[in-house]
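Input: a single structure, listed below in structure tokens.
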Amino acid sequence: MTPRRPAGAGAFPKPVATPAPSVPDPVAPYAALDLGTNSCRMLVAQPKGSQFHVVDSFSKSVQLGTGLEASGRLSRASMSRTVQALKICKAKFQKHKVQRMRLVATEACRRAKNARDFIRFVRHETGLRLDIIEPEEEARLAVVSCAPLVSIKTEQLLVVDIGGGSTELVWIDLSRVPGPDRPRAIMRLHKGFDFCDDPFPRARVVDWISVPLGVATLKDQFYDVEDDAGRFALMSWYFEEQLADFSPYIHEQAREGFQIIGTSGTVTTVAASHLGLRRYDRTKVDGLRMSSDQIDAVIRSYLELGEAGRRADPRIGKDRQALIMSGSAILQALMRIWPTDRLSVADRGLREGLLYAQMSSDGVLEDGPF
């Protein structure tokens, strides 16, 4: 007897062949966008060997976190400014026919009560989908972006990412990794700080911390202190107090084979001031090594300039003069704890980490997938 189908049922569906996995185009453009508490930054890049070539970029101070400390919410004005910047980014994605992209938001959206409403607003107005990432992923991506700056002589590495709303610190033990493999071992951390399924010698993350204080949020904590030098000292010591739970704060001391990599606008501005640049030049700043004494000299010069002098300095400018002091307070605290003559300046960060992670996962980098 022929089996009967239930009344009203349609024909049996035909088997659907599983499509073969698509092979990524090795020259297709990728995009990465980092929406922070203060800035919106975007890169479009193509894989090139074991690195990538930037074909377009965008950066704008949107001050998304303005008023967040007091209200716990993103303001309408800051959301509107941000959406206008994101529309410019979308036009660039369309211009370059970008199909592979990762767009992330960090501390301001992690903290804001109305963050989900903002994400929906962005989606409605621009068609772009923002992911609010957790502090660990933010720290991982900052570390990955700095991999090319890791010295083959480095056994203990501290990566510091000073953002607008938070600061991430990651301490990495590379002593068991052969020297030439150390940058690649750092790159493989994009899979996770505790990732173990790896046949290669591993970079061991000793500890990491995300301090909910960046250049904007730390400045807001001490806005009512009028004395410039007094405010700076309070900010620096207050930031150091937040590191009490970071195990290397107590157990690790600077030693032979120790390297700090700093990635932020604060670190690159301090480097440009140290070099005496009248116009910022990334090629001279990215990868520069500075000592604790050199950094301290620049910070002292900022204090001697005062607010008016910093505002008139072309390397700082009126928009960044207040933020450079809160960032410098963080940097000074780190140099006080771990003095070094090997702080490497990284003009790179979350965007670059996002690009490396995407390209590595797709296997379009020469040495990848990591």
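Simple scheme: letters A, B, ... for chains in structure tokens order, numbers from 1 for residues in each chain, numbers from 1 for ligands in the order shown.
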Where in stretch 185-261 of chain A does DSSP assign strand (DSSP E or B), given as a PyMOL selection string? chain A and resi 204-211+258-261
Proximity check stretch 191-253 of chain A to stretch 41-63 of chain A, 12 Å, nearest pairs one decimal Å, only C-alpha atoms, as a Markdown table:
| residue | atom | partner | partner_atom | distance |
| --- | --- | --- | --- | --- |
| A:Val215 | CA | A:Gln63 | CA | 11.6 |
| A:Ala216 | CA | A:Gln63 | CA | 8.9 |
| A:Thr217 | CA | A:Gln63 | CA | 11.3 |
What is the atom CA of A:Phe246 to atom CA of A:Gly163 distance in Å? 18.1 Å
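If you measure from each of A:Val298, A:Leu158, A:Leu174, A:Val144 to A:Lys191 using only C-alpha atoms, the closest one turns out to be A:Val144.
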Quick one: contact table of stretch 149-201 of chain A to stretch 284-294 of chain A, 12 Å max, nearest atom pair and distance in Å to one decimal per residue, counting only C-alpha atoms, chain and number order, as a tab-separated table?
residue	atom	partner	partner_atom	distance
A:Leu149	CA	A:Gly287	CA	6.3
A:Val150	CA	A:Gly287	CA	9.5
A:Ser151	CA	A:Gly287	CA	10.5
Using the selection just defined, write its residues with N, CA, C and O atoms as a JSON list (two decimals), in the first residue's frame.
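Resulting contents of result23.json:
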[["chain", "number", "residue", "atom", "x", "y", "z"],
["A", 149, "LEU", "N", 55.39, 44.14, 16.67],
["A", 149, "LEU", "CA", 56.35, 44.95, 17.43],
["A", 149, "LEU", "C", 57.04, 44.17, 18.54],
["A", 149, "LEU", "O", 57.89, 44.71, 19.24],
["A", 150, "VAL", "N", 56.68, 42.90, 18.69],
["A", 150, "VAL", "CA", 57.28, 42.09, 19.75],
["A", 150, "VAL", "C", 58.69, 41.69, 19.36],
["A", 150, "VAL", "O", 58.92, 41.10, 18.31],
["A", 151, "SER", "N", 59.64, 42.02, 20.21],
["A", 151, "SER", "CA", 61.04, 41.68, 19.96],
["A", 151, "SER", "C", 61.26, 40.18, 20.14],
["A", 151, "SER", "O", 60.64, 39.55, 21.01]]
Counting only C-alpha atoms, which residues in stretch 124-230 of chain A sit no more than 12 Å from stretch 315-330 of chain A? For each one, give the nearest pair of atoms and the distance in Å, sorted by chain then residue number, as a tab-separated table.
residue	atom	partner	partner_atom	distance
A:Val160	CA	A:Ile330	CA	10.1
A:Asp161	CA	A:Ile330	CA	10.5
A:Ile162	CA	A:Gly327	CA	7.1
A:Gly163	CA	A:Gly327	CA	8.6
A:Gly164	CA	A:Leu323	CA	8.7
A:Gly165	CA	A:Gly327	CA	10.9
A:Ser166	CA	A:Gly327	CA	10.8
A:Thr167	CA	A:Ile330	CA	8.8
A:Glu168	CA	A:Ile330	CA	11.3
A:Leu169	CA	A:Ile330	CA	11.5
A:Val211	CA	A:Ile330	CA	10.7
A:Leu213	CA	A:Ile330	CA	9.0
A:Gly214	CA	A:Gly327	CA	7.1
A:Val215	CA	A:Gly327	CA	4.9
A:Ala216	CA	A:Leu323	CA	6.3
A:Thr217	CA	A:Ser326	CA	8.8
A:Leu218	CA	A:Ser326	CA	6.2
A:Lys219	CA	A:Ser326	CA	5.6
A:Asp220	CA	A:Ser326	CA	9.3
A:Gln221	CA	A:Ser326	CA	10.0
A:Phe222	CA	A:Ser326	CA	9.4
A:Tyr223	CA	A:Ala322	CA	9.8
A:Asp228	CA	A:Met325	CA	9.0
A:Ala229	CA	A:Met325	CA	9.6
A:Gly230	CA	A:Ala329	CA	11.2
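The smallest atom-to-atom distance between A:Tyr249 and any of A:Leu365, A:Leu334, A:Leu33, A:Ala312, using only C-alpha atoms, is found for A:Leu334.
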Show me, as a list of chain:residue names, the residues that have an atom within 9 Å of A:Asp181 when counting only C-alpha atoms, minus same-chain residues fewer than 4 positions from it. A:Ile152, A:Val177, A:Ala185, A:Ile186, A:Pro201
Considering only alpha helix (DSSP H) as DSSP defines it on the backbone, what residues of stretch 176-219 of chain A qualify? List them as a compact mmCIF listing (two decimals) with N, CA and C atoms, in the first residue's frame.
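Dumped everything to part-v4.txt:
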# COMPACT_ATOMS: atom_id res chain seq x y z
N ARG A 182 58.07 34.24 18.56
CA ARG A 182 57.32 35.01 19.56
C ARG A 182 56.25 35.92 18.96
N PRO A 183 56.52 36.67 17.88
CA PRO A 183 55.42 37.47 17.30
C PRO A 183 54.26 36.61 16.82
N ARG A 184 54.54 35.45 16.24
CA ARG A 184 53.46 34.57 15.77
C ARG A 184 52.67 33.99 16.95
N ALA A 185 53.38 33.70 18.05
CA ALA A 185 52.68 33.19 19.24
C ALA A 185 51.71 34.24 19.79
N ILE A 186 52.09 35.50 19.72
CA ILE A 186 51.19 36.58 20.12
C ILE A 186 49.98 36.63 19.20
N MET A 187 50.20 36.50 17.90
CA MET A 187 49.10 36.55 16.94
C MET A 187 48.07 35.45 17.21
N VAL A 215 41.03 57.81 29.17
CA VAL A 215 41.36 59.23 29.18
C VAL A 215 40.14 60.11 29.45
N ALA A 216 38.97 59.68 28.97
CA ALA A 216 37.76 60.49 29.17
C ALA A 216 37.17 60.25 30.56
N THR A 217 37.04 59.00 30.97
CA THR A 217 36.40 58.70 32.25
C THR A 217 37.27 59.12 33.44
N LEU A 218 38.60 58.99 33.31
CA LEU A 218 39.48 59.43 34.40
C LEU A 218 39.43 60.96 34.54
N LYS A 219 39.41 61.65 33.41
CA LYS A 219 39.29 63.12 33.43
C LYS A 219 38.01 63.54 34.14
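Around A:Thr82, within 12 Å and counting only C-alpha atoms, the residues found are Asp34, Leu35, Gly36, Thr37, Asn38, Ser39, Cys40, Arg41, Ser59, Lys60, Ser61, Val62, Gln63, Leu64, Gly65, Thr66, Leu74, Ser75, Arg76, Ile88, Cys89, Ala105, Phe118, Ile119, Phe121, Val122, Glu125 and Thr126 of chain A, once anything fewer than 6 positions away on its own chain is removed.
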Limited to N, CA and C atoms, could you put the picked residues into a file as a JSON list (two decimals), in the first residue's frame?
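Result written to out-v5.json:
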[["chain", "number", "residue", "atom", "x", "y", "z"],
["A", 34, "ASP", "N", 36.12, 50.56, 15.15],
["A", 34, "ASP", "CA", 36.21, 50.60, 16.61],
["A", 34, "ASP", "C", 35.47, 51.86, 17.07],
["A", 35, "LEU", "N", 34.34, 51.65, 17.73],
["A", 35, "LEU", "CA", 33.58, 52.77, 18.29],
["A", 35, "LEU", "C", 33.82, 52.80, 19.79],
["A", 36, "GLY", "N", 34.60, 53.78, 20.22],
["A", 36, "GLY", "CA", 34.96, 53.88, 21.63],
["A", 36, "GLY", "C", 34.19, 54.98, 22.34],
["A", 37, "THR", "N", 34.63, 55.28, 23.53],
["A", 37, "THR", "CA", 33.98, 56.31, 24.34],
["A", 37, "THR", "C", 34.16, 57.70, 23.75],
["A", 38, "ASN", "N", 35.31, 57.90, 23.11],
["A", 38, "ASN", "CA", 35.61, 59.22, 22.56],
["A", 38, "ASN", "C", 35.61, 59.26, 21.03],
["A", 39, "SER", "N", 36.11, 58.19, 20.39],
["A", 39, "SER", "CA", 36.37, 58.25, 18.94],
["A", 39, "SER", "C", 35.71, 57.11, 18.18],
["A", 40, "CYS", "N", 35.47, 57.38, 16.90],
["A", 40, "CYS", "CA", 35.04, 56.36, 15.94],
["A", 40, "CYS", "C", 36.16, 56.22, 14.92],
["A", 41, "ARG", "N", 36.74, 55.01, 14.82],
["A", 41, "ARG", "CA", 37.88, 54.78, 13.94],
["A", 41, "ARG", "C", 37.59, 53.60, 13.03],
["A", 59, "SER", "N", 38.66, 58.56, 10.94],
["A", 59, "SER", "CA", 38.73, 58.73, 12.39],
["A", 59, "SER", "C", 38.09, 60.06, 12.76],
["A", 60, "LYS", "N", 37.22, 60.01, 13.76],
["A", 60, "LYS", "CA", 36.55, 61.24, 14.19],
["A", 60, "LYS", "C", 36.23, 61.15, 15.67],
["A", 61, "SER", "N", 36.44, 62.26, 16.37],
["A", 61, "SER", "CA", 36.07, 62.34, 17.77],
["A", 61, "SER", "C", 34.57, 62.61, 17.87],
["A", 62, "VAL", "N", 33.81, 61.57, 18.23],
["A", 62, "VAL", "CA", 32.36, 61.70, 18.30],
["A", 62, "VAL", "C", 31.88, 61.91, 19.75],
["A", 63, "GLN", "N", 32.79, 61.67, 20.71],
["A", 63, "GLN", "CA", 32.47, 61.87, 22.13],
["A", 63, "GLN", "C", 31.17, 61.17, 22.54],
["A", 64, "LEU", "N", 31.09, 59.91, 22.17],
["A", 64, "LEU", "CA", 29.87, 59.14, 22.46],
["A", 64, "LEU", "C", 29.59, 59.08, 23.96],
["A", 65, "GLY", "N", 30.65, 59.08, 24.78],
["A", 65, "GLY", "CA", 30.46, 58.93, 26.22],
["A", 65, "GLY", "C", 30.22, 60.23, 26.98],
["A", 66, "THR", "N", 30.04, 61.34, 26.27],
["A", 66, "THR", "CA", 29.79, 62.62, 26.96],
["A", 66, "THR", "C", 28.55, 62.54, 27.85],
["A", 74, "LEU", "N", 23.66, 57.20, 27.14],
["A", 74, "LEU", "CA", 24.19, 57.92, 25.98],
["A", 74, "LEU", "C", 23.21, 59.02, 25.62],
["A", 75, "SER", "N", 23.72, 60.22, 25.42],
["A", 75, "SER", "CA", 22.83, 61.35, 25.12],
["A", 75, "SER", "C", 22.38, 61.33, 23.67],
["A", 76, "ARG", "N", 21.27, 62.00, 23.41],
["A", 76, "ARG", "CA", 20.77, 62.09, 22.02],
["A", 76, "ARG", "C", 21.78, 62.77, 21.12],
["A", 88, "ILE", "N", 29.36, 57.99, 7.16],
["A", 88, "ILE", "CA", 30.56, 58.20, 6.35],
["A", 88, "ILE", "C", 31.30, 56.88, 6.18],
["A", 89, "CYS", "N", 31.40, 56.11, 7.26],
["A", 89, "CYS", "CA", 32.07, 54.81, 7.19],
["A", 89, "CYS", "C", 31.34, 53.88, 6.21],
["A", 105, "ALA", "N", 31.79, 47.99, 19.33],
["A", 105, "ALA", "CA", 31.67, 49.09, 20.28],
["A", 105, "ALA", "C", 32.22, 48.60, 21.61],
["A", 118, "PHE", "N", 20.57, 52.20, 21.33],
["A", 118, "PHE", "CA", 21.52, 52.86, 20.42],
["A", 118, "PHE", "C", 21.93, 51.94, 19.28],
["A", 119, "ILE", "N", 22.19, 50.68, 19.59],
["A", 119, "ILE", "CA", 22.58, 49.71, 18.55],
["A", 119, "ILE", "C", 21.47, 49.56, 17.53],
["A", 121, "PHE", "N", 19.19, 51.83, 16.87],
["A", 121, "PHE", "CA", 19.14, 53.11, 16.17],
["A", 121, "PHE", "C", 20.18, 53.14, 15.04],
["A", 122, "VAL", "N", 21.38, 52.69, 15.33],
["A", 122, "VAL", "CA", 22.44, 52.62, 14.31],
["A", 122, "VAL", "C", 22.02, 51.72, 13.17],
["A", 125, "GLU", "N", 19.33, 53.48, 11.05],
["A", 125, "GLU", "CA", 19.77, 54.66, 10.32],
["A", 125, "GLU", "C", 20.86, 54.36, 9.28],
["A", 126, "THR", "N", 21.67, 53.35, 9.51],
["A", 126, "THR", "CA", 22.81, 53.10, 8.62],
["A", 126, "THR", "C", 22.83, 51.71, 7.99]]
